[in-house]
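Engineer: My questions will all concern the structure given below.
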There are 2 protein chains.
Amino acid sequence: MPNVGVLLSGCGFLDGAEIHESVLTLLALDQQGATIICCAPKVSFAVVDHLTKKPTGEKRDVLAEAARIARGEIRDVATVQATQLDALILPGGFGAAKNLCNFAEKGAACTVHPEVERLIGDCLAARKPVGAICIAPALLARIAGKRGVKATLTIGNDAGTAGAIVAMGCVHENRPVTEVAVDRAHKVVSTPAYMLGPGPAAVFEGIRKLVEQVLALI
Amino acid sequence: MPNVGVLLSGCGFLDGAEIHESVLTLLALDQQGATIICCAPKVSFAVVDHLTKKPTGEKRDVLAEAARIARGEIRDVATVQATQLDALILPGGFGAAKNLCNFAEKGAACTVHPEVERLIGDCLAARKPVGAICIAPALLARIAGKRGVKATLTIGNDAGTAGAIVAMGCVHENRPVTEVAVDRAHKVVSTPAYMLGPGPAAVFEGIRKLVEQVLALI
């Protein structure tokens, strides 16, 4: 049974990990018999009210909120080594672009949380498959591009985000929500999920394929 | 396309709706082509840290936190009428036993949030199918039992909870996590989910069957 890391960024699409994408990743991994290792950075984030879609001024902790999705079975990413994983999957949500890095604010010039950069960078260096969902390919592109890994990724068809992925040194290919982009040379798989929507059934079709491809690349 | 209500109780199994059960309910409904109407009561709850599993002393709002699972597409349960729904599904999590009613504290003598009691009671009276997951059958038993609806329900095999369901005027039948109890006479379906675990794949098998049976009873 492969050990697959799932790197979460909170709990809620406006200020953390997209909940559907995270749970559907866990579902697909469990259906395939993988052992799941959830992790998240211990860092505070700015809360967004998901009813009003406005910031509340409150701060919460990414790791404690991500523990809601993981049912308490989660580790501080600082304690997770690439050698303990056979593959790593990054669900999306604004948390991936605001809490794991600052892509939402800085675009292609973003910086990444150091422990997140270490783990993902070590996985790429060790040629362990990495899956990235929704906006998470932008985070992955920043880390890959800096290391000269010209990975092919998809975030769906948003021209601005696709342009930023190219600016960070990677390649973008358009895909529909139910499909994946598979870069076998660099062992990177991606799917648009809620960058395109429209709901959990279509999103799961893409995520199920992503998980299958990630596991096949181990 | 049937309109199916999904009544949430927050966001996180220790103080709100169980996230996997909620998302997997939305997945199964979307796969079946149902129109989903998420709702939750506007009421505050006591936060539990999902890492330490201890109360933090903080209060949050059930509706605003449930909006994380619903991606903002959610209504105050006070605005939802049974006439607008073809069926209603209640995911579990401690929120169903602490925020929608006080079963976690009072057991068979529990009282139910008035708008939650109204909506579920009206669905039972109108013979609209009701599905209940995990601990939510205890909430449903309280409302059904008070109305003389002797529904057959399952919460898995926990003797204490099963006894409380009987004490509230309903019938309990043991079921494994991948199965459902179907009461065709009263149009009530239930499945144990995380009352038994062990993970999202097994839980989804039960929830997928529950959704199929609920839709078949419309």
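By order of appearance in the structure tokens: chains A, B, ..., then residues from 1 within every chain, and ligands from 1 in the order shown.
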What's around Gly160 in chain B at 12 Å? Count only C-alpha atoms, leave out sequence neighbours fewer than 2 positions away in its own chain, and write the answer as JSON, numbers by chain.
Structural biologist: {"B": [104, 107, 108, 135, 138, 155, 156, 157, 158, 162, 163, 164, 165, 166, 167, 172]}
Engineer: Provide as JSON, numbers by chain the residues of chain B at most 8 Å from chain A, counting only C-alpha atoms.
Structural biologist: {"B": [11, 12, 13, 19, 20, 23, 24, 26, 27, 28, 30, 31, 49, 50, 51, 52, 53, 63, 64, 65, 67, 68, 69, 71, 72, 73, 74, 199, 200, 201, 204]}
Engineer: Kindly save the residues from that selection, with N, CA and C atoms included, as a PDB file, in the first residue's frame.
Structural biologist:
ATOM      1  N   CYS B  11     -19.164  22.555  10.681  1.00  0.00           N
ATOM      2  CA  CYS B  11     -18.110  22.103   9.758  1.00  0.00           C
ATOM      3  C   CYS B  11     -16.973  21.470  10.553  1.00  0.00           C
ATOM      4  N   GLY B  12     -17.093  20.175  10.832  1.00  0.00           N
ATOM      5  CA  GLY B  12     -16.066  19.459  11.603  1.00  0.00           C
ATOM      6  C   GLY B  12     -16.730  18.502  12.572  1.00  0.00           C
ATOM      7  N   PHE B  13     -16.258  17.252  12.629  1.00  0.00           N
ATOM      8  CA  PHE B  13     -17.034  16.206  13.312  1.00  0.00           C
ATOM      9  C   PHE B  13     -17.146  16.404  14.813  1.00  0.00           C
ATOM     10  N   ILE B  19     -17.522  16.294   8.066  1.00  0.00           N
ATOM     11  CA  ILE B  19     -17.226  16.857   6.747  1.00  0.00           C
ATOM     12  C   ILE B  19     -17.269  15.801   5.653  1.00  0.00           C
ATOM     13  N   HIS B  20     -16.677  14.626   5.897  1.00  0.00           N
ATOM     14  CA  HIS B  20     -16.700  13.580   4.856  1.00  0.00           C
ATOM     15  C   HIS B  20     -18.153  13.188   4.546  1.00  0.00           C
ATOM     16  N   VAL B  23     -19.862  15.997   2.471  1.00  0.00           N
ATOM     17  CA  VAL B  23     -19.395  16.102   1.079  1.00  0.00           C
ATOM     18  C   VAL B  23     -19.804  14.862   0.290  1.00  0.00           C
ATOM     19  N   LEU B  24     -19.732  13.692   0.904  1.00  0.00           N
ATOM     20  CA  LEU B  24     -20.082  12.464   0.179  1.00  0.00           C
ATOM     21  C   LEU B  24     -21.583  12.401  -0.096  1.00  0.00           C
ATOM     22  N   LEU B  26     -23.312  15.196  -0.772  1.00  0.00           N
ATOM     23  CA  LEU B  26     -23.414  16.104  -1.919  1.00  0.00           C
ATOM     24  C   LEU B  26     -22.945  15.407  -3.197  1.00  0.00           C
ATOM     25  N   LEU B  27     -21.866  14.627  -3.094  1.00  0.00           N
ATOM     26  CA  LEU B  27     -21.357  13.893  -4.272  1.00  0.00           C
ATOM     27  C   LEU B  27     -22.413  12.925  -4.801  1.00  0.00           C
ATOM     28  N   ALA B  28     -22.975  12.115  -3.908  1.00  0.00           N
ATOM     29  CA  ALA B  28     -23.957  11.107  -4.346  1.00  0.00           C
ATOM     30  C   ALA B  28     -25.194  11.782  -4.935  1.00  0.00           C
ATOM     31  N   ASP B  30     -25.321  14.777  -6.398  1.00  0.00           N
ATOM     32  CA  ASP B  30     -24.940  15.376  -7.679  1.00  0.00           C
ATOM     33  C   ASP B  30     -24.791  14.286  -8.742  1.00  0.00           C
ATOM     34  N   GLN B  31     -24.230  13.143  -8.371  1.00  0.00           N
ATOM     35  CA  GLN B  31     -24.100  12.028  -9.327  1.00  0.00           C
ATOM     36  C   GLN B  31     -25.465  11.540  -9.789  1.00  0.00           C
ATOM     37  N   ASP B  49     -11.194  22.231  19.276  1.00  0.00           N
ATOM     38  CA  ASP B  49      -9.976  22.153  18.472  1.00  0.00           C
ATOM     39  C   ASP B  49      -9.851  20.717  17.958  1.00  0.00           C
ATOM     40  N   HIS B  50      -9.766  20.549  16.629  1.00  0.00           N
ATOM     41  CA  HIS B  50      -9.756  19.195  16.063  1.00  0.00           C
ATOM     42  C   HIS B  50      -8.380  18.538  16.100  1.00  0.00           C
ATOM     43  N   LEU B  51      -7.358  19.282  16.522  1.00  0.00           N
ATOM     44  CA  LEU B  51      -6.029  18.695  16.757  1.00  0.00           C
ATOM     45  C   LEU B  51      -5.944  18.141  18.170  1.00  0.00           C
ATOM     46  N   THR B  52      -6.293  18.986  19.161  1.00  0.00           N
ATOM     47  CA  THR B  52      -6.179  18.583  20.569  1.00  0.00           C
ATOM     48  C   THR B  52      -7.440  17.874  21.050  1.00  0.00           C
ATOM     49  N   LYS B  53      -8.536  18.007  20.302  1.00  0.00           N
ATOM     50  CA  LYS B  53      -9.856  17.444  20.646  1.00  0.00           C
ATOM     51  C   LYS B  53     -10.417  18.058  21.932  1.00  0.00           C
ATOM     52  N   LEU B  63     -24.377  28.376  10.903  1.00  0.00           N
ATOM     53  CA  LEU B  63     -24.690  28.662   9.497  1.00  0.00           C
ATOM     54  C   LEU B  63     -23.446  29.119   8.734  1.00  0.00           C
ATOM     55  N   ALA B  64     -22.662  30.029   9.330  1.00  0.00           N
ATOM     56  CA  ALA B  64     -21.461  30.547   8.656  1.00  0.00           C
ATOM     57  C   ALA B  64     -20.418  29.453   8.463  1.00  0.00           C
ATOM     58  N   GLU B  65     -20.276  28.563   9.448  1.00  0.00           N
ATOM     59  CA  GLU B  65     -19.288  27.481   9.307  1.00  0.00           C
ATOM     60  C   GLU B  65     -19.786  26.419   8.328  1.00  0.00           C
ATOM     61  N   ALA B  67     -21.478  26.974   5.809  1.00  0.00           N
ATOM     62  CA  ALA B  67     -21.311  27.576   4.485  1.00  0.00           C
ATOM     63  C   ALA B  67     -19.974  27.185   3.851  1.00  0.00           C
ATOM     64  N   ARG B  68     -19.002  26.799   4.672  1.00  0.00           N
ATOM     65  CA  ARG B  68     -17.718  26.321   4.131  1.00  0.00           C
ATOM     66  C   ARG B  68     -17.922  25.037   3.332  1.00  0.00           C
ATOM     67  N   ILE B  69     -18.712  24.124   3.881  1.00  0.00           N
ATOM     68  CA  ILE B  69     -18.982  22.856   3.190  1.00  0.00           C
ATOM     69  C   ILE B  69     -19.826  23.107   1.939  1.00  0.00           C
ATOM     70  N   ARG B  71     -19.898  25.725   0.075  1.00  0.00           N
ATOM     71  CA  ARG B  71     -19.272  26.720  -0.810  1.00  0.00           C
ATOM     72  C   ARG B  71     -20.146  27.983  -0.912  1.00  0.00           C
ATOM     73  N   GLY B  72     -20.723  28.388   0.211  1.00  0.00           N
ATOM     74  CA  GLY B  72     -21.508  29.630   0.273  1.00  0.00           C
ATOM     75  C   GLY B  72     -22.950  29.484  -0.165  1.00  0.00           C
ATOM     76  N   GLU B  73     -23.293  28.341  -0.792  1.00  0.00           N
ATOM     77  CA  GLU B  73     -24.659  28.128  -1.298  1.00  0.00           C
ATOM     78  C   GLU B  73     -25.489  27.452  -0.215  1.00  0.00           C
ATOM     79  N   ILE B  74     -25.986  28.249   0.730  1.00  0.00           N
ATOM     80  CA  ILE B  74     -26.678  27.685   1.886  1.00  0.00           C
ATOM     81  C   ILE B  74     -27.708  28.671   2.383  1.00  0.00           C
ATOM     82  N   GLY B 199     -13.322   4.514   7.085  1.00  0.00           N
ATOM     83  CA  GLY B 199     -12.761   5.562   6.233  1.00  0.00           C
ATOM     84  C   GLY B 199     -13.725   5.951   5.137  1.00  0.00           C
ATOM     85  N   PRO B 200     -13.340   6.929   4.311  1.00  0.00           N
ATOM     86  CA  PRO B 200     -14.284   7.501   3.344  1.00  0.00           C
ATOM     87  C   PRO B 200     -14.828   6.515   2.315  1.00  0.00           C
ATOM     88  N   ALA B 201     -14.054   5.509   1.908  1.00  0.00           N
ATOM     89  CA  ALA B 201     -14.554   4.588   0.875  1.00  0.00           C
ATOM     90  C   ALA B 201     -15.730   3.769   1.405  1.00  0.00           C
ATOM     91  N   PHE B 204     -18.695   6.067   2.049  1.00  0.00           N
ATOM     92  CA  PHE B 204     -19.369   6.471   0.809  1.00  0.00           C
ATOM     93  C   PHE B 204     -20.257   5.345   0.287  1.00  0.00           C
TER      94      PHE B 204
END
Engineer: DSSP on the backbone, then: every residue of range 29-93 of chain B marked alpha helix (DSSP H), written as a list of chain:residue names.
Structural biologist: B:Leu29, B:Asp30, B:Gln31, B:Val62, B:Leu63, B:Ala64, B:Glu65, B:Ala66, B:Ala67, B:Arg68, B:Ile69
Engineer: Show which residues sit within 7 Å of Glu173 in chain B, as a PyMOL selection string. Count only C-alpha atoms, and ignore same-chain residues fewer than 4 positions away.
Structural biologist: chain B and resi 152-154
Engineer: Just to be explicit: take each residue in the selection above, keep N, CA and C atoms, and write the result as a compact mmCIF listing (two decimals), in the first residue's frame.
Structural biologist:
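Okay, again_4.txt is ready:
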# COMPACT_ATOMS: atom_id res chain seq x y z
N THR B 152 -38.04 2.78 11.81
CA THR B 152 -36.92 1.86 12.00
C THR B 152 -35.65 2.54 11.49
N LEU B 153 -34.63 2.57 12.36
CA LEU B 153 -33.41 3.32 12.08
C LEU B 153 -32.19 2.50 12.45
N THR B 154 -31.02 2.88 11.89
CA THR B 154 -29.76 2.29 12.34
C THR B 154 -28.74 3.38 12.65
Engineer: Please indicate the distance in Å from CA of Leu210 in chain B to CA of Ala136 in chain B, rounded to one decimal place.
Structural biologist: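 Taking CA of Leu210 in chain B as the start and CA of Ala136 in chain B as the end point, the length is 13.2 Å.
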Engineer: Determine the nearest neighbour of Phe94 in chain A from the options A:Ile133, A:Leu217, A:Ala185, A:Ala109, counting only C-alpha atoms.
Structural biologist: A:Ile133
Engineer: Using only C-alpha atoms, which residues sit within 7 Å of Leu7 in chain A once same-chain residues fewer than 4 positions away are excluded, as number ranges by chain?
Structural biologist: A: 38-40, 89-90
Engineer: What does the distance from CA of Thr35 in chain A to CA of Glu179 in chain A come to in Å, to one decimal?
Structural biologist: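 Result for CA of Thr35 in chain A versus CA of Glu179 in chain A: 24.2 Å, one decimal.
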Engineer: Report, in Å with one decimal, the straight-line distance from CA of Pro129 in chain A to CA of Lys187 in chain A.
Structural biologist: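 Pair CA of Pro129 in chain A / CA of Lys187 in chain A returns 4.7 Å.
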Engineer: Using only C-alpha atoms, which of the listed residues (B:Leu124, B:Leu139, B:Met1, B:Met195) sits closest to Cys101 in chain B?
Structural biologist: B:Leu139
